[in-house]
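Listing of entry.cif; format and content: mmCIF, C-alpha atoms and all ligand atoms.
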data_structure
#
loop_
_atom_site.label_atom_id
_atom_site.label_comp_id
_atom_site.auth_asym_id
_atom_site.auth_seq_id
_atom_site.Cartn_x
_atom_site.Cartn_y
_atom_site.Cartn_z
CA MET A 1 1.04 5.76 23.83
CA PRO A 2 0.56 5.42 20.08
CA ILE A 3 3.77 5.31 18.05
CA ILE A 4 1.98 6.67 14.96
CA GLN A 5 -0.90 9.08 15.07
CA ALA A 6 -2.60 10.39 11.94
CA GLU A 7 -5.33 12.96 12.21
CA ASN A 8 -7.52 14.00 9.34
CA LEU A 9 -4.61 13.30 7.02
CA SER A 10 -5.19 14.54 3.47
CA LYS A 11 -3.17 14.93 0.31
CA VAL A 12 -4.31 16.81 -2.74
CA PHE A 13 -2.11 16.76 -5.85
CA ARG A 14 -2.31 19.69 -8.26
CA ILE A 15 -2.00 18.29 -11.73
CA PRO A 16 -1.34 20.65 -14.67
CA HIS A 17 -4.06 20.21 -17.25
CA LYS A 18 -3.06 20.07 -20.91
CA ASP A 19 -5.25 19.77 -23.97
CA PRO A 20 -3.86 17.48 -26.70
CA GLY A 21 -1.60 18.78 -29.48
CA VAL A 22 0.68 21.77 -30.02
CA ALA A 23 -2.11 24.29 -29.46
CA GLY A 24 -2.83 22.61 -26.17
CA ALA A 25 0.82 22.84 -25.20
CA PHE A 26 0.86 26.60 -25.90
CA LYS A 27 -2.34 27.08 -23.97
CA ALA A 28 -0.92 25.17 -21.02
CA VAL A 29 2.10 27.49 -20.95
CA LEU A 30 0.20 30.75 -21.46
CA ARG A 31 -2.80 30.03 -19.31
CA PRO A 32 -1.97 27.11 -17.04
CA ARG A 33 -4.91 25.25 -15.62
CA PHE A 34 -4.78 22.79 -12.78
CA GLU A 35 -6.89 19.93 -11.62
CA ASP A 36 -6.96 18.87 -8.04
CA LYS A 37 -6.59 15.17 -7.39
CA VAL A 38 -7.57 14.16 -3.87
CA ALA A 39 -5.37 11.14 -3.18
CA VAL A 40 -5.93 10.88 0.57
CA ASN A 41 -9.03 12.31 2.14
CA GLY A 42 -9.21 12.94 5.88
CA ILE A 43 -7.77 9.72 7.28
CA SER A 44 -7.34 9.27 11.03
CA PHE A 45 -5.86 6.30 12.85
CA SER A 46 -3.28 5.45 15.43
CA VAL A 47 -0.86 2.57 15.79
CA GLU A 48 0.55 1.16 19.01
CA PRO A 49 4.17 -0.01 19.32
CA GLY A 50 4.65 -3.60 18.18
CA GLU A 51 1.57 -3.78 15.96
CA ILE A 52 1.56 -5.18 12.43
CA VAL A 53 -1.09 -3.29 10.50
CA GLY A 54 -2.20 -4.19 6.99
CA TYR A 55 -3.03 -1.09 4.96
CA ILE A 56 -5.12 -2.23 2.05
CA GLY A 57 -7.24 -0.96 -0.82
CA VAL A 58 -7.50 -1.24 -4.61
CA ASN A 59 -4.95 0.35 -6.96
CA GLY A 60 -5.02 4.12 -6.70
CA ALA A 61 -6.82 4.07 -3.33
CA GLY A 62 -4.10 6.23 -1.76
CA LYS A 63 -1.96 3.66 0.07
CA SER A 64 1.44 4.77 -1.18
CA THR A 65 0.55 8.43 -0.73
CA THR A 66 -0.32 7.74 2.90
CA ILE A 67 2.95 5.87 3.43
CA LYS A 68 4.83 8.80 1.91
CA MET A 69 3.20 11.18 4.38
CA LEU A 70 3.87 8.86 7.31
CA THR A 71 7.53 8.58 6.35
CA GLY A 72 7.99 12.30 5.76
CA ILE A 73 8.61 12.05 2.00
CA LEU A 74 5.45 14.05 1.31
CA MET A 75 3.93 16.87 3.29
CA PRO A 76 0.21 16.53 4.04
CA THR A 77 -2.07 19.09 2.41
CA ARG A 78 -4.28 19.03 5.51
CA GLY A 79 -4.30 17.28 8.84
CA ASN A 80 -1.27 16.08 10.64
CA VAL A 81 0.79 13.08 11.51
CA GLN A 82 3.01 12.34 14.47
CA VAL A 83 5.51 9.53 14.43
CA LEU A 84 7.28 8.88 17.73
CA GLY A 85 6.12 12.31 18.78
CA ARG A 86 7.70 14.03 15.78
CA ASP A 87 6.48 15.60 12.59
CA PRO A 88 8.04 13.19 10.09
CA HIS A 89 8.33 15.81 7.34
CA ARG A 90 9.73 18.71 9.37
CA GLN A 91 11.97 16.44 11.42
CA ARG A 92 13.00 14.17 8.58
CA VAL A 93 16.55 13.60 9.74
CA ALA A 94 15.66 12.60 13.29
CA ASN A 95 12.77 10.53 11.96
CA ALA A 96 14.98 8.65 9.50
CA ARG A 97 16.93 7.00 12.31
CA ASP A 98 13.85 5.38 13.73
CA ILE A 99 12.17 4.18 10.59
CA GLY A 100 12.80 1.92 7.62
CA VAL A 101 10.98 2.02 4.30
CA VAL A 102 10.73 -0.48 1.48
CA PHE A 103 8.95 0.29 -1.75
CA GLY A 104 8.41 -2.98 -3.59
CA GLN A 105 8.89 -1.54 -7.04
CA ARG A 106 11.99 0.48 -6.35
CA SER A 107 15.44 -0.34 -5.03
CA GLN A 108 17.24 1.96 -2.64
CA LEU A 109 20.53 0.12 -2.77
CA TRP A 110 23.64 0.91 -4.73
CA TRP A 111 23.16 -0.85 -8.01
CA ASP A 112 26.79 -1.71 -8.76
CA LEU A 113 28.09 -2.53 -5.33
CA ALA A 114 28.27 -6.04 -3.99
CA PHE A 115 25.41 -6.39 -1.54
CA ILE A 116 27.72 -6.71 1.47
CA GLU A 117 29.35 -3.38 0.56
CA SER A 118 25.92 -1.75 0.44
CA LEU A 119 25.17 -3.21 3.85
CA ASN A 120 28.48 -1.95 5.25
CA LEU A 121 27.68 1.52 3.98
CA VAL A 122 24.18 1.51 5.44
CA ALA A 123 25.57 0.34 8.78
CA LYS A 124 28.10 3.18 8.69
CA ILE A 125 25.56 5.83 7.78
CA TYR A 126 23.32 4.76 10.64
CA GLU A 127 26.26 4.24 12.99
CA VAL A 128 25.29 0.69 13.87
CA PRO A 129 27.80 -0.57 16.47
CA PRO A 130 30.04 -3.25 14.86
CA ALA A 131 29.10 -6.04 17.28
CA ARG A 132 25.43 -5.36 16.80
CA TYR A 133 25.89 -5.18 13.05
CA LYS A 134 27.53 -8.57 12.98
CA GLN A 135 24.86 -10.10 15.16
CA LEU A 136 22.01 -8.73 13.03
CA LEU A 137 23.75 -9.68 9.80
CA ASP A 138 24.14 -13.28 10.97
CA GLN A 139 20.52 -13.40 12.01
CA PHE A 140 19.24 -11.86 8.77
CA ALA A 141 21.52 -14.03 6.64
CA GLU A 142 19.90 -17.08 8.12
CA THR A 143 16.22 -16.09 7.90
CA LEU A 144 16.51 -14.44 4.51
CA GLU A 145 19.07 -16.92 3.15
CA LEU A 146 21.50 -14.22 2.17
CA GLY A 147 24.63 -16.40 2.22
CA GLU A 148 25.52 -16.52 -1.48
CA LEU A 149 24.03 -13.10 -2.14
CA LEU A 150 26.47 -11.08 -0.10
CA ARG A 151 29.07 -10.92 -2.91
CA VAL A 152 26.55 -10.28 -5.68
CA PRO A 153 25.91 -6.74 -7.00
CA ILE A 154 22.27 -5.70 -6.74
CA ARG A 155 22.07 -5.29 -10.53
CA ASN A 156 22.66 -9.00 -11.01
CA MET A 157 19.99 -10.13 -8.59
CA SER A 158 16.59 -11.58 -9.38
CA LEU A 159 13.50 -9.77 -8.12
CA GLY A 160 13.19 -12.05 -5.10
CA GLN A 161 16.87 -11.75 -4.23
CA LYS A 162 16.66 -7.97 -4.50
CA MET A 163 13.72 -7.81 -2.17
CA ARG A 164 15.47 -9.97 0.43
CA ALA A 165 18.53 -7.74 0.15
CA GLU A 166 16.36 -4.65 0.42
CA LEU A 167 14.67 -5.88 3.58
CA ALA A 168 17.97 -6.73 5.23
CA ALA A 169 19.41 -3.31 4.39
CA THR A 170 16.30 -1.56 5.66
CA LEU A 171 16.31 -3.37 8.99
CA ILE A 172 20.03 -3.40 9.73
CA HIS A 173 19.78 -0.19 11.76
CA ALA A 174 17.01 -1.78 13.82
CA PRO A 175 14.34 0.84 13.10
CA ARG A 176 11.40 0.94 15.48
CA ILE A 177 8.93 1.24 12.62
CA VAL A 178 9.08 -0.24 9.14
CA TYR A 179 6.85 0.72 6.28
CA LEU A 180 6.60 -1.95 3.62
CA ASP A 181 4.82 -0.89 0.44
CA GLU A 182 4.01 -4.02 -1.59
CA PRO A 183 7.08 -5.97 -0.47
CA THR A 184 5.94 -9.26 -2.00
CA ILE A 185 4.79 -7.96 -5.38
CA GLY A 186 5.82 -10.27 -8.21
CA LEU A 187 7.56 -12.78 -5.97
CA ASP A 188 7.08 -16.52 -5.96
CA LEU A 189 5.54 -18.31 -3.02
CA ILE A 190 8.77 -19.55 -1.47
CA VAL A 191 10.31 -16.09 -1.37
CA LYS A 192 7.05 -14.64 -0.07
CA GLU A 193 7.07 -17.17 2.75
CA ARG A 194 10.64 -16.26 3.65
CA ILE A 195 9.82 -12.58 3.70
CA ARG A 196 6.74 -13.12 5.84
CA GLU A 197 8.77 -15.22 8.26
CA PHE A 198 11.38 -12.49 8.45
CA ILE A 199 8.82 -9.77 9.14
CA LYS A 200 7.21 -11.91 11.84
CA GLN A 201 10.57 -12.58 13.41
CA GLN A 202 11.53 -8.90 13.50
CA ASN A 203 8.19 -8.03 15.00
CA ARG A 204 8.42 -10.74 17.66
CA ALA A 205 12.09 -10.44 18.53
CA ALA A 206 12.63 -6.69 18.30
CA GLY A 207 9.06 -5.44 18.76
CA THR A 208 9.30 -3.67 15.41
CA THR A 209 6.09 -1.93 14.41
CA VAL A 210 5.10 -2.79 10.83
CA ILE A 211 2.84 -0.98 8.39
CA LEU A 212 2.31 -3.16 5.37
CA THR A 213 0.52 -2.40 2.14
CA THR A 214 -0.09 -5.40 -0.04
CA HIS A 215 -2.32 -6.93 -2.65
CA ASP A 216 -1.44 -10.34 -1.39
CA LEU A 217 -4.11 -11.57 0.95
CA GLY A 218 -1.76 -14.32 2.07
CA ASP A 219 0.46 -11.59 3.54
CA ILE A 220 -2.54 -10.20 5.39
CA GLU A 221 -3.72 -13.56 6.70
CA GLU A 222 -0.30 -14.51 7.93
CA LEU A 223 0.86 -11.21 9.30
CA CYS A 224 -1.86 -8.72 10.10
CA PRO A 225 -4.34 -9.15 12.95
CA ARG A 226 -5.49 -5.61 12.20
CA VAL A 227 -6.28 -4.05 8.85
CA ILE A 228 -7.09 -0.56 7.71
CA ILE A 229 -9.02 -0.50 4.45
CA ILE A 230 -9.11 2.62 2.32
CA ASP A 231 -11.17 3.38 -0.72
CA ALA A 232 -10.80 6.45 -2.95
CA GLY A 233 -8.60 8.08 -0.31
CA ALA A 234 -11.02 7.57 2.58
CA LEU A 235 -10.88 5.14 5.44
CA ILE A 236 -13.66 2.58 5.29
CA TYR A 237 -12.58 0.09 7.92
CA ASP A 238 -10.11 -0.09 10.77
CA GLY A 239 -10.19 -3.13 13.01
CA PRO A 240 -9.52 -6.84 13.37
CA ILE A 241 -9.43 -8.90 10.23
CA SER A 242 -11.57 -11.46 12.07
CA THR A 243 -14.48 -9.00 12.38
CA ILE A 244 -14.81 -8.41 8.67
CA LYS A 245 -14.32 -12.07 7.95
CA ALA A 246 -17.14 -12.97 10.32
CA ARG A 247 -19.36 -10.27 8.93
CA PHE A 248 -18.75 -10.74 5.24
CA GLY A 249 -17.64 -14.32 5.06
CA LYS A 250 -21.08 -15.44 4.00
CA TYR A 251 -19.90 -18.73 2.59
CA ARG A 252 -17.93 -21.35 4.41
CA GLU A 253 -16.56 -24.66 3.30
CA ILE A 254 -16.74 -27.93 5.07
CA THR A 255 -14.82 -31.00 3.95
CA PHE A 256 -15.73 -34.56 4.89
CA GLU A 257 -13.55 -37.62 4.73
CA THR A 258 -15.94 -40.46 4.22
CA LEU A 259 -15.79 -44.23 4.59
CA GLY A 260 -18.54 -44.83 2.06
CA ASP A 261 -18.95 -43.42 -1.42
CA ALA A 262 -19.22 -39.64 -1.04
CA SER A 263 -21.15 -39.21 -4.27
CA ALA A 264 -24.07 -41.09 -2.74
CA CYS A 265 -24.77 -38.19 -0.42
CA ALA A 266 -27.68 -35.85 -1.05
CA VAL A 267 -26.79 -32.18 -0.75
CA PRO A 268 -28.27 -30.60 2.39
CA PRO A 269 -30.38 -27.44 1.95
CA GLY A 270 -28.36 -24.22 1.83
CA ALA A 271 -25.24 -26.04 0.65
CA GLU A 272 -23.68 -26.97 -2.67
CA ILE A 273 -20.95 -29.36 -3.72
CA VAL A 274 -17.64 -27.77 -4.65
CA GLY A 275 -15.52 -30.90 -4.71
CA ALA A 276 -16.28 -34.60 -4.76
CA GLU A 277 -13.85 -37.49 -4.77
CA PRO A 278 -14.66 -41.12 -3.93
CA ARG A 279 -13.77 -40.63 -0.25
CA LYS A 280 -13.89 -36.89 0.09
CA LEU A 281 -16.69 -34.38 -0.16
CA THR A 282 -16.40 -30.61 0.04
CA LEU A 283 -19.52 -28.52 0.49
CA ARG A 284 -19.94 -24.80 0.47
CA PHE A 285 -22.78 -23.40 2.53
CA ASP A 286 -24.36 -20.02 3.11
CA ARG A 287 -24.06 -19.12 6.79
CA THR A 288 -27.20 -17.03 6.61
CA LEU A 289 -29.24 -20.05 5.49
CA THR A 290 -27.81 -22.92 7.50
CA THR A 291 -25.14 -23.79 10.05
CA ALA A 292 -22.07 -25.97 9.99
CA SER A 293 -23.61 -28.41 12.43
CA GLN A 294 -26.81 -28.73 10.36
CA VAL A 295 -24.76 -29.47 7.25
CA ALA A 296 -22.53 -31.90 9.13
CA GLN A 297 -25.53 -33.66 10.65
CA ALA A 298 -27.25 -34.06 7.29
CA VAL A 299 -24.14 -35.54 5.69
CA MET A 300 -23.48 -37.87 8.61
CA ASN A 301 -27.04 -39.13 8.43
CA ALA A 302 -26.52 -40.08 4.80
CA ILE A 303 -23.01 -41.54 4.79
CA GLU A 304 -20.41 -42.72 7.25
CA VAL A 305 -17.94 -39.93 7.99
CA LYS A 306 -14.42 -40.48 9.29
CA ASP A 307 -13.49 -36.88 9.85
CA PHE A 308 -14.49 -33.41 8.78
CA SER A 309 -12.99 -29.93 8.89
CA LEU A 310 -14.35 -26.46 8.53
CA ALA A 311 -12.40 -23.87 6.55
CA GLU A 312 -12.22 -20.24 7.53
CA PRO A 313 -14.16 -17.92 5.23
CA ASP A 314 -12.13 -17.10 2.18
CA LEU A 315 -10.49 -13.72 2.68
CA ALA A 316 -10.29 -13.04 -1.04
CA SER A 317 -14.04 -13.17 -1.46
CA VAL A 318 -14.56 -11.09 1.68
CA ILE A 319 -12.24 -8.36 0.46
CA LYS A 320 -13.86 -8.44 -2.97
CA GLN A 321 -17.26 -7.81 -1.41
CA ILE A 322 -15.86 -4.92 0.61
CA TYR A 323 -14.11 -3.32 -2.35
CA GLY A 324 -17.32 -3.87 -4.29
CA GLY A 325 -19.19 -1.54 -1.95
CA ALA A 326 -20.34 -3.85 0.85
CA LEU A 327 -18.88 -1.41 3.36
CA ARG A 328 -20.74 1.77 2.42
CA GLU A 329 -21.15 2.57 6.08
CA PRO A 330 -18.03 2.25 8.22
CA VAL A 331 -18.19 -0.82 10.46
CA THR A 332 -17.49 -0.47 14.14
CA PRO A 333 -15.22 -3.34 15.04
N1 LIG A 401 2.77 12.58 -7.51
C1 LIG A 401 1.49 12.48 -7.89
N2 LIG A 401 0.91 13.42 -8.66
C2 LIG A 401 -0.38 13.34 -9.04
N3 LIG A 401 -1.20 12.34 -8.69
C3 LIG A 401 -0.70 11.35 -7.92
C4 LIG A 401 0.67 11.37 -7.47
N4 LIG A 401 0.89 10.27 -6.71
C5 LIG A 401 -0.27 9.60 -6.68
N5 LIG A 401 -1.23 10.23 -7.40
C6 LIG A 401 -2.63 9.81 -7.57
O1 LIG A 401 -3.20 9.66 -6.29
C7 LIG A 401 -4.02 8.50 -6.22
C8 LIG A 401 -3.50 7.57 -5.14
O2 LIG A 401 -2.27 7.02 -5.55
P1 LIG A 401 -1.43 6.01 -4.66
O3 LIG A 401 -1.30 6.57 -3.30
O4 LIG A 401 -0.18 5.68 -5.39
O5 LIG A 401 -2.39 4.73 -4.60
P2 LIG A 401 -2.10 3.21 -4.23
O6 LIG A 401 -0.73 3.14 -3.63
O7 LIG A 401 -3.19 2.85 -3.27
O8 LIG A 401 -2.20 2.43 -5.48
C9 LIG A 401 -4.02 7.90 -7.61
O9 LIG A 401 -5.14 8.38 -8.30
C10 LIG A 401 -2.75 8.45 -8.22
O10 LIG A 401 -2.87 8.54 -9.60
MG MG A 402 0.93 2.03 -4.18
#
Rewrite the coordinates I just gave you, this time as C-alpha cells.
Ligand SMILES: Nc1ncnc2c1ncn2[C@@H]1O[C@H](COP(=O)(O)OP(=O)(O)O)[C@@H](O)[C@H]1O
Ligand SMILES: [Mg+2]
Amino acid sequence: MPIIQAENLSKVFRIPHKDPGVAGAFKAVLRPRFEDKVAVNGISFSVEPGEIVGYIGVNGAGKSTTIKMLTGILMPTRGNVQVLGRDPHRQRVANARDIGVVFGQRSQLWWDLAFIESLNLVAKIYEVPPARYKQLLDQFAETLELGELLRVPIRNMSLGQKMRAELAATLIHAPRIVYLDEPTIGLDLIVKERIREFIKQQNRAAGTTVILTTHDLGDIEELCPRVIIIDAGALIYDGPISTIKARFGKYREITFETLGDASACAVPPGAEIVGAEPRKLTLRFDRTLTTASQVAQAVMNAIEVKDFSLAEPDLASVIKQIYGGALREPVTP
C-alpha cells in the first residue's frame, strides 16, 4: 500500500497583474486583471513506506509547491493527493501528527528560546511520551552533535547549527513521513554529511519515509535510490537513479596507477586525458565509442599498470543533460 499517492496533481496561482506606475496601480484596483501561473501540472506518483525519494528539478520547477500540497499547506487546484489514506489539506490536524516538514530557508522554531526549551515544547505539543522523548533526544544529540547547542537560543545559531536543530525538532515526534525541502542549502560539507547520516539513520532505524528536494547531487547520490524529476511543473522522470545514469552517463572515467611513466602512453581512440601525473593517468572515454575494457587493454599494452579503477558516471553532468532537454520523452525505467 502506498503511503503517498498523488494523482494528476496541479496547482495554478492567480497572480494580480499590475502595469507600472500610479496609473497602473489605479487600473489594477478598478479593473483587476489576473495571470494564471501553472506551478504544478498534472503530476502523478506514489511512494511506498520506507522509501527515500529525491524530488528534483531546476529553480521554479514546482518542487516546493508540490511539497506544500503533499503536506496540506496548499490545496491543489486539480487532482488529488492522499497521504496515509487522508486528504492532507482537509485533514490537516490528523495529518500533522504523522508528518514532519523542514523548509531549508525558513525556521519553524522559537527564535528566542534555548533550543532544549523549543524541543520540550514540541514534545509536549505532540504528546511524545517522556521515556521515548529522552531516548530520541539522546540518539539525535549523538548523530547531530547537539550537545553544546541545547542551551543556545536559535537566534544565536549558525546556519548549520540551525538546520541540525530544525531536523531534531521535526523528527522528535517520530513522524512516519518527513518532507525535507532543500535541507542542506548553504551548508558546508561536514554539516551536510552529518545531516545525510541522520536522515539515513532515521530511515533505517524507524522506517521513516523521506521526500527530499535538493540541489545537491551529493544528497541524491548518498540518499536517494529513486528520483522524481520535474520540469516546468510536469513530471519528466520517475525511477531509479541508476537508470538515468546508465542512459545519460555518456562519459566515464578510468584511472590507472602505473609503474612506468604514465605520460609515455598514447591515448586510445574514443578517450582523452583528463589527468596525468608521473604514476597516475586518468582518461575519460565516450561509452558510445569504446568500452572500459578496450581502453584498459590499450593502456596496459603501452605501459605497465599496477591497478586501475572505473568511476561511476558523473551525476552532475547527467542531470545537466536532462535539465537541458535530453529527456523530452519520458523514460520508462
Ligand atoms: N504563492 C505563489 N504565488 C504565485 N506564484 C508562485 C507562488 N509560489 C510559487 N510560485 C511560482 O510557481 C513556480 C514554482 O515555484 P516553486 O514550487 O517554489 O519551485 P521550486 O521549489 O522548484 O523552485 C515558480 O514559477 C514560482 O514563481
Ligand atoms: Mg523550492
Exercise for review: May I ask which of the residues A:Asn203, A:Pro175, A:Glu51, A:Gly233 is the closest one to Leu9 in chain A, counting only C-alpha atoms?
Suggested key: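 Ranked by minimum distance to Leu9 in chain A, first place goes to A:Gly233.
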**Study point:** Distance query range 30-36 of chain A at most 8 Å, all atoms listed in the file, self and fewer than 3 positions along chain excluded, as a ChimeraX atom specification
**Key:** /A:12-18,26-27
**Study point:** Proximity to Ile199 in chain A - best of A:Lys124, A:Ile52, A:Glu142, A:Thr291, all atoms listed in the file
**Key:**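 The answer is A:Ile52, which sits nearest to Ile199 in chain A.
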Review point. Ligand LIG 401 (chain A): which residues are within 9 Å, counting all atoms listed in the file, as a ChimeraX atom specification?
Key: /A:11-15,36-40,56-68,181-182,213,230-233
**Study point:** Selection near Val318 in chain A, 7 Å with all atoms listed in the file, sequence-local residues under 6 positions removed, as a ChimeraX atom specification
**Key:** /A:245,248-249
**Study point:** Nearest to ligand MG 402 (chain A) by atom-to-atom distance, counting all atoms listed in the file, from A:Ile3, A:Leu136, A:Ala114, A:Leu212
**Key:**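 Among A:Ile3, A:Leu136, A:Ala114, A:Leu212, it is A:Leu212 that comes nearest to ligand MG 402 (chain A).
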Check your understanding: Can you tell me, as a ChimeraX atom specification, what residues are no more than 8 Å from Arg287 in chain A when counting all atoms listed in the file, ignoring any on the same chain fewer than 6 positions away?
Key -> /A:250-252
**Study point:** From A:Phe256, A:Phe115, A:Tyr55, A:Tyr237, residue lying nearest ligand MG 402 (chain A) [all atoms listed in the file]
**Key:**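 Among A:Phe256, A:Phe115, A:Tyr55, A:Tyr237, it is A:Tyr55 that comes nearest to ligand MG 402 (chain A).
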**Study point:** For CA of Val101 in chain A and CA of Tyr179 in chain A, the interatomic separation in Å (one decimal)
**Key:**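 We find that CA of Val101 in chain A and CA of Tyr179 in chain A lie 4.8 Å from each other.
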Exercise for review: Considering only C-alpha atoms, return as a PyMOL selection string whatever protein or nucleic-acid residues lie within 12 Å of Val210 in chain A, sequence-local ones (same chain, fewer than 6 positions apart) excluded.
Suggested key: chain A and resi 3-4+47-55+67+99-102+171+175-181+183+196+198-204+220+223-227
Check your understanding: Counting all atoms listed in the file, what is within 12 Å of Leu146 in chain A, bar same-chain residues fewer than 5 positions away, as a PyMOL selection string?
Key -> chain A and resi 115-116+119+137-141+151-152+157+160-169+191+194-195
